$ cat structure.cif   # mmCIF, C-alpha atoms and all ligand atoms
data_my_file
loop_
_atom_site.group_PDB
_atom_site.id
_atom_site.type_symbol
_atom_site.label_atom_id
_atom_site.label_comp_id
_atom_site.auth_asym_id
_atom_site.auth_seq_id
_atom_site.Cartn_x
_atom_site.Cartn_y
_atom_site.Cartn_z
ATOM 1 C CA MET A 593 -19.808 -54.221 86.535
ATOM 2 C CA ARG A 594 -17.399 -52.140 84.467
ATOM 3 C CA GLU A 595 -14.497 -53.866 86.238
ATOM 4 C CA PHE A 596 -16.101 -57.211 85.487
ATOM 5 C CA CYS A 597 -16.369 -56.319 81.798
ATOM 6 C CA LEU A 598 -12.724 -55.273 81.707
ATOM 7 C CA THR A 599 -11.362 -58.358 83.440
ATOM 8 C CA HIS A 600 -13.478 -60.710 81.318
ATOM 9 C CA GLY A 601 -12.988 -59.112 77.927
ATOM 10 C CA ILE A 602 -16.597 -57.982 77.518
ATOM 11 C CA SER A 603 -16.903 -55.211 74.954
ATOM 12 C CA SER A 604 -20.557 -54.276 75.132
ATOM 13 C CA ALA A 605 -23.080 -53.489 77.877
ATOM 14 C CA ILE A 606 -26.776 -52.696 77.590
ATOM 15 C CA HIS A 607 -28.954 -51.110 80.245
ATOM 16 C CA LEU A 608 -32.449 -52.607 80.287
ATOM 17 C CA GLY A 609 -34.210 -49.476 81.495
ATOM 18 C CA ASP A 610 -35.249 -47.409 84.538
ATOM 19 C CA ILE A 611 -31.991 -45.728 85.418
ATOM 20 C CA PHE A 612 -33.641 -43.141 87.684
ATOM 21 C CA HIS A 613 -36.842 -43.496 89.650
ATOM 22 C CA SER A 614 -38.263 -40.054 88.869
ATOM 23 C CA ARG A 615 -39.893 -39.594 85.458
ATOM 24 C CA ILE A 616 -39.615 -35.815 85.537
ATOM 25 C CA ALA A 617 -36.179 -34.910 86.836
ATOM 26 C CA ALA A 618 -33.167 -36.517 88.462
ATOM 27 C CA ARG A 619 -31.402 -34.734 91.295
ATOM 28 C CA TYR A 620 -27.929 -33.597 90.257
ATOM 29 C CA GLU A 621 -26.256 -35.429 93.152
ATOM 30 C CA CYS A 622 -27.848 -38.561 91.746
ATOM 31 C CA PHE A 623 -27.622 -37.783 88.026
ATOM 32 C CA ASN A 624 -23.991 -36.670 87.875
ATOM 33 C CA PRO A 625 -22.320 -39.743 89.416
ATOM 34 C CA THR A 626 -24.629 -42.011 87.425
ATOM 35 C CA PHE A 627 -23.803 -40.275 84.147
ATOM 36 C CA ARG A 628 -20.122 -40.372 85.086
ATOM 37 C CA ALA A 629 -20.308 -44.093 85.834
ATOM 38 C CA PHE A 630 -21.659 -44.777 82.342
ATOM 39 C CA GLN A 631 -19.158 -42.398 80.743
ATOM 40 C CA LYS A 632 -16.395 -44.528 82.229
ATOM 41 C CA PHE A 633 -17.652 -47.532 80.270
ATOM 42 C CA ARG A 634 -16.914 -45.635 77.082
ATOM 43 C CA GLU A 635 -13.572 -44.391 78.359
ATOM 44 C CA CYS A 636 -12.656 -48.035 78.995
ATOM 45 C CA GLY A 637 -13.597 -48.985 75.435
ATOM 46 C CA ILE A 638 -16.878 -50.689 76.358
ATOM 47 C CA THR A 639 -19.954 -49.655 74.401
ATOM 48 C CA ILE A 640 -22.919 -48.848 76.624
ATOM 49 C CA ASP A 641 -26.456 -48.526 75.248
ATOM 50 C CA PHE A 642 -29.796 -47.853 76.884
ATOM 51 C CA ILE A 643 -33.274 -49.319 76.455
ATOM 52 C CA VAL A 644 -35.892 -46.859 77.708
ATOM 53 C CA GLY A 645 -37.978 -48.000 80.679
ATOM 54 C CA ASN A 646 -41.249 -46.549 81.937
ATOM 55 C CA HIS A 647 -39.460 -44.561 84.656
ATOM 56 C CA ASP A 648 -37.225 -43.020 82.001
ATOM 57 C CA GLN A 649 -40.241 -41.719 80.068
ATOM 58 C CA VAL A 650 -41.375 -38.214 80.954
ATOM 59 C CA ARG A 651 -44.696 -38.708 79.134
ATOM 60 C CA LYS A 652 -46.602 -41.804 78.162
ATOM 61 C CA ASN A 653 -45.735 -41.495 74.474
ATOM 62 C CA GLY A 654 -42.071 -41.946 75.408
ATOM 63 C CA ALA A 655 -40.832 -39.175 73.093
ATOM 64 C CA LEU A 656 -39.083 -37.309 75.921
ATOM 65 C CA THR A 657 -36.982 -39.165 78.469
ATOM 66 C CA THR A 658 -34.792 -38.279 81.426
ATOM 67 C CA ILE A 659 -31.960 -40.168 79.711
ATOM 68 C CA ASP A 660 -32.007 -38.348 76.357
ATOM 69 C CA ILE A 661 -28.652 -36.815 77.270
ATOM 70 C CA PHE A 662 -27.205 -40.335 77.489
ATOM 71 C CA THR A 663 -27.049 -40.249 73.683
ATOM 72 C CA GLU A 664 -23.700 -38.495 74.271
ATOM 73 C CA ILE A 665 -22.448 -41.839 75.598
ATOM 74 C CA GLY A 666 -24.353 -44.495 73.671
ATOM 75 C CA SER A 667 -27.562 -45.303 71.824
ATOM 76 C CA VAL A 668 -30.877 -44.658 73.601
ATOM 77 C CA TYR A 669 -33.544 -46.996 72.197
ATOM 78 C CA LYS A 670 -37.002 -45.394 72.250
ATOM 79 C CA GLY A 671 -38.575 -47.770 69.777
ATOM 80 C CA PRO A 672 -38.009 -51.404 68.742
ATOM 81 C CA THR A 673 -34.513 -51.601 67.262
ATOM 82 C CA HIS A 674 -32.639 -54.406 65.544
ATOM 83 C CA LEU A 675 -29.159 -54.698 67.045
ATOM 84 C CA THR A 676 -27.704 -56.365 63.976
ATOM 85 C CA ALA A 677 -24.259 -57.088 65.437
ATOM 86 C CA LEU A 678 -25.848 -59.100 68.252
ATOM 87 C CA GLY A 679 -28.744 -60.712 66.411
ATOM 88 C CA ALA A 680 -30.963 -59.182 69.086
ATOM 89 C CA TRP A 681 -33.808 -56.681 69.321
ATOM 90 C CA ALA A 682 -34.113 -53.856 71.826
ATOM 91 C CA VAL A 683 -37.725 -53.287 72.905
ATOM 92 C CA PRO A 684 -38.401 -50.253 75.150
ATOM 93 C CA TYR A 685 -41.389 -49.764 77.420
ATOM 94 C CA THR A 686 -44.779 -48.747 76.107
ATOM 95 C CA HIS A 687 -48.079 -48.386 77.932
ATOM 96 C CA ASP A 688 -49.825 -49.325 74.683
ATOM 97 C CA PHE A 689 -49.930 -53.111 74.875
ATOM 98 C CA ALA A 690 -51.533 -53.472 71.427
ATOM 99 C CA LEU A 691 -48.595 -51.524 69.987
ATOM 100 C CA LEU A 692 -46.179 -53.652 72.003
ATOM 101 C CA ARG A 693 -47.770 -56.739 70.510
ATOM 102 C CA THR A 694 -47.205 -55.419 66.971
ATOM 103 C CA TRP A 695 -43.563 -54.663 67.850
ATOM 104 C CA LEU A 696 -43.016 -58.192 69.162
ATOM 105 C CA ASP A 697 -44.914 -59.874 66.326
ATOM 106 C CA ALA A 698 -42.561 -58.193 63.839
ATOM 107 C CA ILE A 699 -39.457 -59.799 65.416
ATOM 108 C CA PRO A 700 -38.345 -63.132 63.885
ATOM 109 C CA SER A 701 -38.403 -66.150 66.182
ATOM 110 C CA GLU A 702 -34.686 -66.930 65.984
ATOM 111 C CA HIS A 703 -33.815 -63.605 67.601
ATOM 112 C CA THR A 704 -32.997 -62.604 71.150
ATOM 113 C CA VAL A 705 -35.130 -59.882 72.739
ATOM 114 C CA LEU A 706 -33.784 -57.369 75.283
ATOM 115 C CA ALA A 707 -36.810 -55.556 76.671
ATOM 116 C CA HIS A 708 -38.539 -53.474 79.296
ATOM 117 C CA ILE A 709 -42.087 -54.801 79.322
ATOM 118 C CA ASP A 710 -44.962 -55.973 81.548
ATOM 119 C CA VAL A 711 -45.784 -59.674 81.481
ATOM 120 C CA ILE A 712 -49.149 -60.754 82.884
ATOM 121 C CA GLY A 713 -48.712 -62.933 85.964
ATOM 122 C CA ALA A 714 -45.071 -62.011 86.642
ATOM 123 C CA GLU A 715 -44.192 -60.718 90.108
ATOM 124 C CA ALA A 716 -44.169 -56.946 89.665
ATOM 125 C CA GLY A 717 -43.751 -55.969 93.318
ATOM 126 C CA ALA A 718 -43.188 -57.909 96.505
ATOM 127 C CA GLY A 719 -45.884 -60.552 96.495
ATOM 128 C CA TRP A 720 -48.170 -59.146 93.795
ATOM 129 C CA ALA A 721 -48.567 -60.407 90.279
ATOM 130 C CA CYS A 722 -48.943 -58.028 87.342
ATOM 131 C CA GLU A 723 -52.456 -58.024 85.871
ATOM 132 C CA TRP A 724 -51.650 -56.137 82.670
ATOM 133 C CA GLY A 725 -49.167 -56.271 79.804
ATOM 134 C CA ILE A 726 -48.629 -59.121 77.370
ATOM 135 C CA GLU A 727 -49.205 -62.858 77.785
ATOM 136 C CA LEU A 728 -46.080 -64.877 78.537
ATOM 137 C CA SER A 729 -46.940 -67.134 75.589
ATOM 138 C CA VAL A 730 -46.137 -64.220 73.222
ATOM 139 C CA LEU A 731 -42.488 -64.467 74.298
ATOM 140 C CA SER A 732 -42.094 -68.226 74.148
ATOM 141 C CA ARG A 733 -41.158 -68.369 70.442
ATOM 142 C CA PHE A 734 -38.026 -66.224 70.829
ATOM 143 C CA LYS A 735 -34.552 -67.664 71.259
ATOM 144 C CA LEU A 736 -33.907 -65.761 74.487
ATOM 145 C CA VAL A 737 -35.670 -62.921 76.326
ATOM 146 C CA LEU A 738 -33.856 -60.777 78.912
ATOM 147 C CA MET A 739 -36.020 -58.145 80.579
ATOM 148 C CA GLY A 740 -35.676 -55.216 82.943
ATOM 149 C CA HIS A 741 -38.581 -53.532 84.763
ATOM 150 C CA TYR A 742 -39.473 -55.799 87.703
ATOM 151 C CA HIS A 743 -36.837 -55.753 90.413
ATOM 152 C CA LYS A 744 -37.060 -59.395 91.433
ATOM 153 C CA ARG A 745 -35.073 -61.897 89.395
ATOM 154 C CA GLN A 746 -37.530 -64.290 87.772
ATOM 155 C CA GLN A 747 -37.212 -67.058 85.233
ATOM 156 C CA LEU A 748 -40.665 -67.210 83.635
ATOM 157 C CA LEU A 749 -39.637 -69.876 81.098
ATOM 158 C CA PRO A 750 -36.254 -71.608 80.645
ATOM 159 C CA HIS A 751 -35.289 -68.874 78.166
ATOM 160 C CA VAL A 752 -37.363 -65.907 79.459
ATOM 161 C CA HIS A 753 -35.905 -63.906 82.352
ATOM 162 C CA TYR A 754 -36.468 -60.786 84.391
ATOM 163 C CA ILE A 755 -32.788 -60.372 85.233
ATOM 164 C CA GLY A 756 -33.318 -58.500 88.556
ATOM 165 C CA CYS A 757 -32.273 -54.939 89.334
ATOM 166 C CA ALA A 758 -28.690 -53.840 89.829
ATOM 167 C CA THR A 759 -29.475 -51.618 92.833
ATOM 168 C CA PRO A 760 -32.068 -52.698 95.418
ATOM 169 C CA GLN A 761 -34.365 -49.750 96.175
ATOM 170 C CA ASP A 762 -36.208 -50.473 99.415
ATOM 171 C CA PHE A 763 -37.185 -53.084 102.013
ATOM 172 C CA THR A 764 -39.447 -54.891 99.584
ATOM 173 C CA GLU A 765 -36.113 -56.245 98.252
ATOM 174 C CA LEU A 766 -35.011 -57.464 101.675
ATOM 175 C CA GLY A 767 -31.866 -59.594 101.461
ATOM 176 C CA SER A 768 -31.729 -59.404 97.659
ATOM 177 C CA PRO A 769 -28.355 -58.424 96.137
ATOM 178 C CA GLY A 770 -27.913 -56.200 93.089
ATOM 179 C CA ARG A 771 -27.591 -58.211 89.910
ATOM 180 C CA PHE A 772 -26.487 -58.211 86.323
ATOM 181 C CA VAL A 773 -26.421 -60.820 83.602
ATOM 182 C CA VAL A 774 -23.696 -61.884 81.206
ATOM 183 C CA TRP A 775 -25.045 -63.109 77.905
ATOM 184 C CA ASP A 776 -22.672 -64.786 75.492
ATOM 185 C CA ASP A 777 -24.075 -63.732 72.139
ATOM 186 C CA SER A 778 -22.248 -66.507 70.275
ATOM 187 C CA THR A 779 -23.403 -69.476 72.392
ATOM 188 C CA GLY A 780 -26.560 -67.932 73.882
ATOM 189 C CA GLU A 781 -25.395 -68.891 77.358
ATOM 190 C CA VAL A 782 -26.708 -66.700 80.191
ATOM 191 C CA ASN A 783 -24.969 -66.329 83.552
ATOM 192 C CA HIS A 784 -26.392 -64.367 86.480
ATOM 193 C CA HIS A 785 -24.058 -62.377 88.724
ATOM 194 C CA THR A 786 -24.456 -60.329 91.881
ATOM 195 C CA ASN A 787 -22.724 -57.016 92.521
ATOM 196 C CA SER A 788 -21.659 -54.954 95.535
ATOM 197 C CA ALA A 789 -24.636 -52.536 95.569
ATOM 198 C CA ALA A 790 -26.012 -51.694 99.022
ATOM 199 C CA ARG A 791 -28.457 -54.323 100.267
ATOM 200 C CA PHE A 792 -31.517 -53.988 102.455
ATOM 201 C CA ILE A 793 -31.250 -56.415 105.333
ATOM 202 C CA SER A 794 -33.020 -57.393 108.527
ATOM 203 C CA TRP A 795 -30.971 -57.567 111.736
ATOM 204 C CA THR A 796 -31.759 -58.705 115.280
ATOM 205 C CA PRO A 797 -29.653 -57.571 118.282
ATOM 206 C CA GLY A 798 -27.144 -60.298 119.125
ATOM 207 C CA GLN A 799 -26.512 -61.243 115.484
ATOM 208 C CA GLU A 800 -23.120 -60.685 113.864
ATOM 209 C CA THR A 801 -22.513 -57.061 112.889
ATOM 210 C CA GLU A 802 -20.275 -57.610 109.822
ATOM 211 C CA THR A 803 -23.277 -57.658 107.492
ATOM 212 C CA LEU A 804 -24.290 -54.126 108.570
ATOM 213 C CA GLN A 805 -21.387 -52.445 106.779
ATOM 214 C CA GLY A 806 -22.734 -50.555 103.770
ATOM 215 C CA ALA A 807 -26.278 -51.884 104.223
ATOM 216 C CA TYR A 808 -29.703 -50.438 104.926
ATOM 217 C CA VAL A 809 -30.918 -52.179 108.042
ATOM 218 C CA ARG A 810 -34.314 -52.994 109.486
ATOM 219 C CA VAL A 811 -33.530 -53.474 113.174
ATOM 220 C CA GLU A 812 -35.897 -56.036 114.647
ATOM 221 C CA ALA A 813 -36.137 -54.294 118.010
ATOM 222 C CA SER A 814 -37.543 -51.245 119.744
ATOM 223 C CA PRO A 815 -35.685 -47.980 119.049
ATOM 224 C CA SER A 816 -32.773 -47.291 121.394
ATOM 225 C CA PRO A 817 -29.742 -44.940 121.485
ATOM 226 C CA LEU A 818 -27.495 -47.948 122.144
ATOM 227 C CA LEU A 819 -28.639 -49.630 118.951
ATOM 228 C CA ASP A 820 -28.247 -46.322 117.071
ATOM 229 C CA ASP A 821 -24.609 -46.306 118.200
ATOM 230 C CA GLU A 822 -24.143 -49.914 117.139
ATOM 231 C CA MET A 823 -25.527 -49.148 113.664
ATOM 232 C CA SER A 824 -23.200 -46.117 113.286
ATOM 233 C CA ARG A 825 -20.141 -48.011 114.484
ATOM 234 C CA SER A 826 -20.892 -50.925 112.181
ATOM 235 C CA GLY A 827 -21.108 -48.758 109.084
ATOM 236 C CA ALA A 828 -24.821 -49.093 108.294
ATOM 237 C CA LEU A 829 -25.894 -46.584 105.615
ATOM 238 C CA GLY A 830 -29.333 -46.161 107.211
ATOM 239 C CA TRP A 831 -31.619 -48.007 109.583
ATOM 240 C CA ASN A 832 -35.064 -48.144 111.009
ATOM 241 C CA TYR A 833 -36.683 -50.072 113.799
ATOM 242 C CA ASN A 834 -39.073 -52.873 112.977
ATOM 243 C CA PRO A 835 -41.469 -50.706 110.933
ATOM 244 C CA ALA A 836 -44.426 -53.019 111.500
ATOM 245 C CA LYS A 837 -44.205 -52.559 115.266
ATOM 246 C CA ILE A 838 -43.822 -48.799 114.917
ATOM 247 C CA VAL A 839 -46.894 -48.683 112.690
ATOM 248 C CA ARG A 840 -48.917 -50.554 115.304
ATOM 249 C CA THR A 841 -47.760 -48.113 117.981
ATOM 250 C CA VAL A 842 -48.754 -45.158 115.831
ATOM 251 C CA LEU A 843 -52.129 -46.735 115.103
ATOM 252 C CA GLN A 844 -52.809 -47.165 118.799
ATOM 253 C CA ARG A 845 -52.037 -43.519 119.389
ATOM 254 C CA ASP A 846 -53.852 -42.085 116.408
ATOM 255 C CA ALA A 847 -56.447 -44.191 114.681
ATOM 256 C CA GLY A 848 -56.491 -41.647 111.822
ATOM 257 C CA ILE A 849 -53.164 -42.828 110.389
ATOM 258 C CA SER A 850 -53.543 -45.732 108.017
ATOM 259 C CA LEU A 851 -51.105 -48.589 108.007
ATOM 260 C CA GLU A 852 -50.559 -48.188 104.302
ATOM 261 C CA THR A 853 -49.649 -44.499 104.543
ATOM 262 C CA ASP A 854 -47.234 -45.036 107.381
ATOM 263 C CA MET A 855 -45.480 -47.904 105.641
ATOM 264 C CA LYS A 856 -45.083 -45.766 102.548
ATOM 265 C CA GLN A 857 -43.424 -43.059 104.636
ATOM 266 C CA VAL A 858 -41.027 -45.560 106.150
ATOM 267 C CA ILE A 859 -40.110 -47.034 102.796
ATOM 268 C CA SER A 860 -39.877 -43.740 100.899
ATOM 269 C CA SER A 861 -37.531 -42.303 103.530
ATOM 270 C CA TYR A 862 -35.107 -45.092 102.705
ATOM 271 C CA ALA A 863 -35.603 -44.610 99.010
ATOM 272 C CA ALA A 864 -34.706 -40.926 99.473
ATOM 273 C CA VAL A 865 -31.523 -41.772 101.352
ATOM 274 C CA HIS A 866 -30.685 -44.372 98.782
ATOM 275 C CA ALA A 867 -31.179 -41.956 95.876
ATOM 276 C CA GLY A 868 -27.855 -40.331 96.733
ATOM 277 C CA THR A 869 -25.980 -43.414 95.528
ATOM 278 C CA LEU A 870 -26.092 -44.963 92.070
ATOM 279 C CA PRO A 871 -29.622 -46.196 91.358
ATOM 280 C CA VAL A 872 -28.739 -48.015 88.192
ATOM 281 C CA ASP A 873 -31.073 -50.792 87.250
ATOM 282 C CA ASN A 874 -31.117 -53.857 85.104
ATOM 283 C CA LEU A 875 -27.717 -54.072 83.490
ATOM 284 C CA VAL A 876 -26.856 -56.760 81.022
ATOM 285 C CA ALA A 877 -23.363 -57.295 79.698
ATOM 286 C CA VAL A 878 -22.870 -58.857 76.317
ATOM 287 C CA GLY A 879 -19.736 -60.791 75.489
ATOM 288 C CA ARG A 880 -18.198 -63.643 73.598
ATOM 289 C CA THR A 881 -16.410 -65.151 76.576
ATOM 290 C CA LEU A 882 -17.887 -67.627 79.067
ATOM 291 C CA PHE A 883 -17.525 -66.944 82.765
ATOM 292 C CA GLU A 884 -17.879 -68.629 86.081
ATOM 293 C CA SER A 885 -20.070 -66.974 88.709
HETATM 294 MN MN MN B 901 -39.911 -50.227 84.703
#

$ encode --input "structure.cif" --output "structure tokens" --more "lines below"
Ligand SMILES: [Mn+2]
Amino acid sequence: MREFCLTHGISSAIHLGDIFHSRIAARYECFNPTFRAFQKFRECGITIDFIVGNHDQVRKNGALTTIDIFTEIGSVYKGPTHLTALGAWAVPYTHDFALLRTWLDAIPSEHTVLAHIDVIGAEAGAGWACEWGIELSVLSRFKLVLMGHYHKRQQLLPHVHYIGCATPQDFTELGSPGRFVVWDDSTGEVNHHTNSAARFISWTPGQETETLQGAYVRVEASPSPLLDDEMSRSGALGWNYNPAKIVRTVLQRDAGISLETDMKQVISSYAAVHAGTLPVDNLVAVGRTLFES
């Protein structure tokens, strides 16, 4: 994304929250390259600012965050903040939805809102709609709303978007590429872009192997050393064998293991592998130039 900003003359980037998954601590092998990646924005003359997400908050009141040290690089928005140069407001996460409502009600209608918030009825995880947060109708009066938080790209209204996460985290994001958004703050135009972050894909023996390079792969087959070799040769970052079938096998052997628990183990093992890369989420670039996808 930094390269994209440089080649397209974009001077400002804003992270919409949830840089790391852990609320308490980030592993150094994860933190250091992530911090470095953001530092490079500044070194290239691009401002980079951060809106605090729920995963960035160590406690519910949001006073302490895992990204406090990012203030060395850019602004870290822990409360609603008017970004006067952009005519936009930064709105961080809060668990207190009554407070969130007062924050939003104080923002004039002609403004753009960049936020990390729950919207009732939006798709929070794969296939389940959020039952808490604010009503979508609260957002309809704004000029434009770009939100982080939920990983799936969603357009709730013509001008209200969850932009989609920049780094897919697990197999619930099967086939989905990492994303960012370019918002032209002079025309209001929004363009969605995909990036080169590792994808989670499904693969069946006999299919082309080019897509395996740099991907996390769910192999739709029974485990085999031959397929292990094929995954290694093809450059897959990690793989597993049709987890649903494995779960059924385990259940037959030991009725005490629940399907839910086993699936969580399968998914979290990939999340752990993936944590060694750059789990940056929800980036939005802000510029005065229009681009083609
Ligand atoms: Mn979040």

$ residues_near_ligand --input "structure.cif" --ligand "ligand MN 901 (chain B)" --cutoff "6 Å" --atoms "all atoms listed in the file" --output "VMD selection string"
chain A and resid 610 645 to 647 741

$ atom_distance --input "structure.cif" --atom1 "atom CA of Ile661 of chain A" --atom2 "atom CA of Thr704 of chain A"
26.9 Å

$ resolve_selection --input "structure.cif" --expression "the PyMOL selection byres (((chain A and resi 790) around 8) and not hetatm)" --output "PyMOL selection string"
chain A and resi 759-760+769-770+788-789+791-792+806-808

$ closest_residue --input "structure.cif" --among "A:Trp681, A:Phe596, A:Phe689, A:Phe772" --to "Lys735 of chain A" --atoms "all atoms listed in the file"
A:Trp681

$ resolve_selection --input "structure.cif" --expression "the PyMOL selection byres (((chain A and resi 664) around 12) and not hetatm)" --output "compact mmCIF listing (two decimals) with C-alpha atoms, in the coordinates of the input"
# COMPACT_ATOMS: atom_id res chain seq x y z
CA PHE A 627 -23.80 -40.28 84.15
CA ARG A 628 -20.12 -40.37 85.09
CA PHE A 630 -21.66 -44.78 82.34
CA GLN A 631 -19.16 -42.40 80.74
CA ARG A 634 -16.91 -45.64 77.08
CA THR A 639 -19.95 -49.66 74.40
CA ILE A 640 -22.92 -48.85 76.62
CA ASP A 641 -26.46 -48.53 75.25
CA PHE A 642 -29.80 -47.85 76.88
CA ILE A 659 -31.96 -40.17 79.71
CA ASP A 660 -32.01 -38.35 76.36
CA ILE A 661 -28.65 -36.82 77.27
CA PHE A 662 -27.20 -40.34 77.49
CA THR A 663 -27.05 -40.25 73.68
CA ILE A 665 -22.45 -41.84 75.60
CA GLY A 666 -24.35 -44.50 73.67
CA SER A 667 -27.56 -45.30 71.82
CA VAL A 668 -30.88 -44.66 73.60

$ atom_distance --input "structure.cif" --atom1 "atom CA of Gly609 of chain A" --atom2 "atom CA of Ser729 of chain A"
22.6 Å

$ atom_distance --input "structure.cif" --atom1 "atom CA of Thr801 of chain A" --atom2 "atom CA of Asn834 of chain A"
17.1 Å

$ build_atoms --input "structure.cif" --residues "segment 816-828 of chain A" --atoms "N, CA and C atoms" --output "mmCIF file, in the coordinates of the input"
data_model
loop_
_atom_site.group_PDB
_atom_site.id
_atom_site.type_symbol
_atom_site.label_atom_id
_atom_site.label_comp_id
_atom_site.auth_asym_id
_atom_site.auth_seq_id
_atom_site.Cartn_x
_atom_site.Cartn_y
_atom_site.Cartn_z
ATOM 1 N N SER A 816 -33.581 -47.605 120.210
ATOM 2 C CA SER A 816 -32.773 -47.291 121.394
ATOM 3 C C SER A 816 -31.491 -46.595 120.967
ATOM 4 N N PRO A 817 -30.998 -45.639 121.792
ATOM 5 C CA PRO A 817 -29.742 -44.940 121.485
ATOM 6 C C PRO A 817 -28.568 -45.910 121.390
ATOM 7 N N LEU A 818 -28.589 -46.974 122.192
ATOM 8 C CA LEU A 818 -27.495 -47.948 122.144
ATOM 9 C C LEU A 818 -27.430 -48.627 120.776
ATOM 10 N N LEU A 819 -28.602 -48.984 120.269
ATOM 11 C CA LEU A 819 -28.639 -49.630 118.951
ATOM 12 C C LEU A 819 -28.274 -48.632 117.853
ATOM 13 N N ASP A 820 -28.681 -47.366 118.026
ATOM 14 C CA ASP A 820 -28.247 -46.322 117.071
ATOM 15 C C ASP A 820 -26.727 -46.291 116.990
ATOM 16 N N ASP A 821 -26.075 -46.320 118.156
ATOM 17 C CA ASP A 821 -24.609 -46.306 118.200
ATOM 18 C C ASP A 821 -24.038 -47.529 117.494
ATOM 19 N N GLU A 822 -24.652 -48.674 117.740
ATOM 20 C CA GLU A 822 -24.143 -49.914 117.139
ATOM 21 C C GLU A 822 -24.243 -49.848 115.618
ATOM 22 N N MET A 823 -25.353 -49.291 115.114
ATOM 23 C CA MET A 823 -25.527 -49.148 113.664
ATOM 24 C C MET A 823 -24.451 -48.220 113.098
ATOM 25 N N SER A 824 -24.211 -47.082 113.760
ATOM 26 C CA SER A 824 -23.200 -46.117 113.286
ATOM 27 C C SER A 824 -21.827 -46.752 113.267
ATOM 28 N N ARG A 825 -21.475 -47.393 114.368
ATOM 29 C CA ARG A 825 -20.141 -48.011 114.484
ATOM 30 C C ARG A 825 -19.935 -49.085 113.428
ATOM 31 N N SER A 826 -21.017 -49.785 113.095
ATOM 32 C CA SER A 826 -20.892 -50.925 112.181
ATOM 33 C C SER A 826 -20.947 -50.527 110.715
ATOM 34 N N GLY A 827 -21.153 -49.224 110.462
ATOM 35 C CA GLY A 827 -21.108 -48.758 109.084
ATOM 36 C C GLY A 827 -22.400 -48.927 108.309
ATOM 37 N N ALA A 828 -23.536 -49.029 109.000
ATOM 38 C CA ALA A 828 -24.821 -49.093 108.294
ATOM 39 C C ALA A 828 -25.072 -47.764 107.592
#
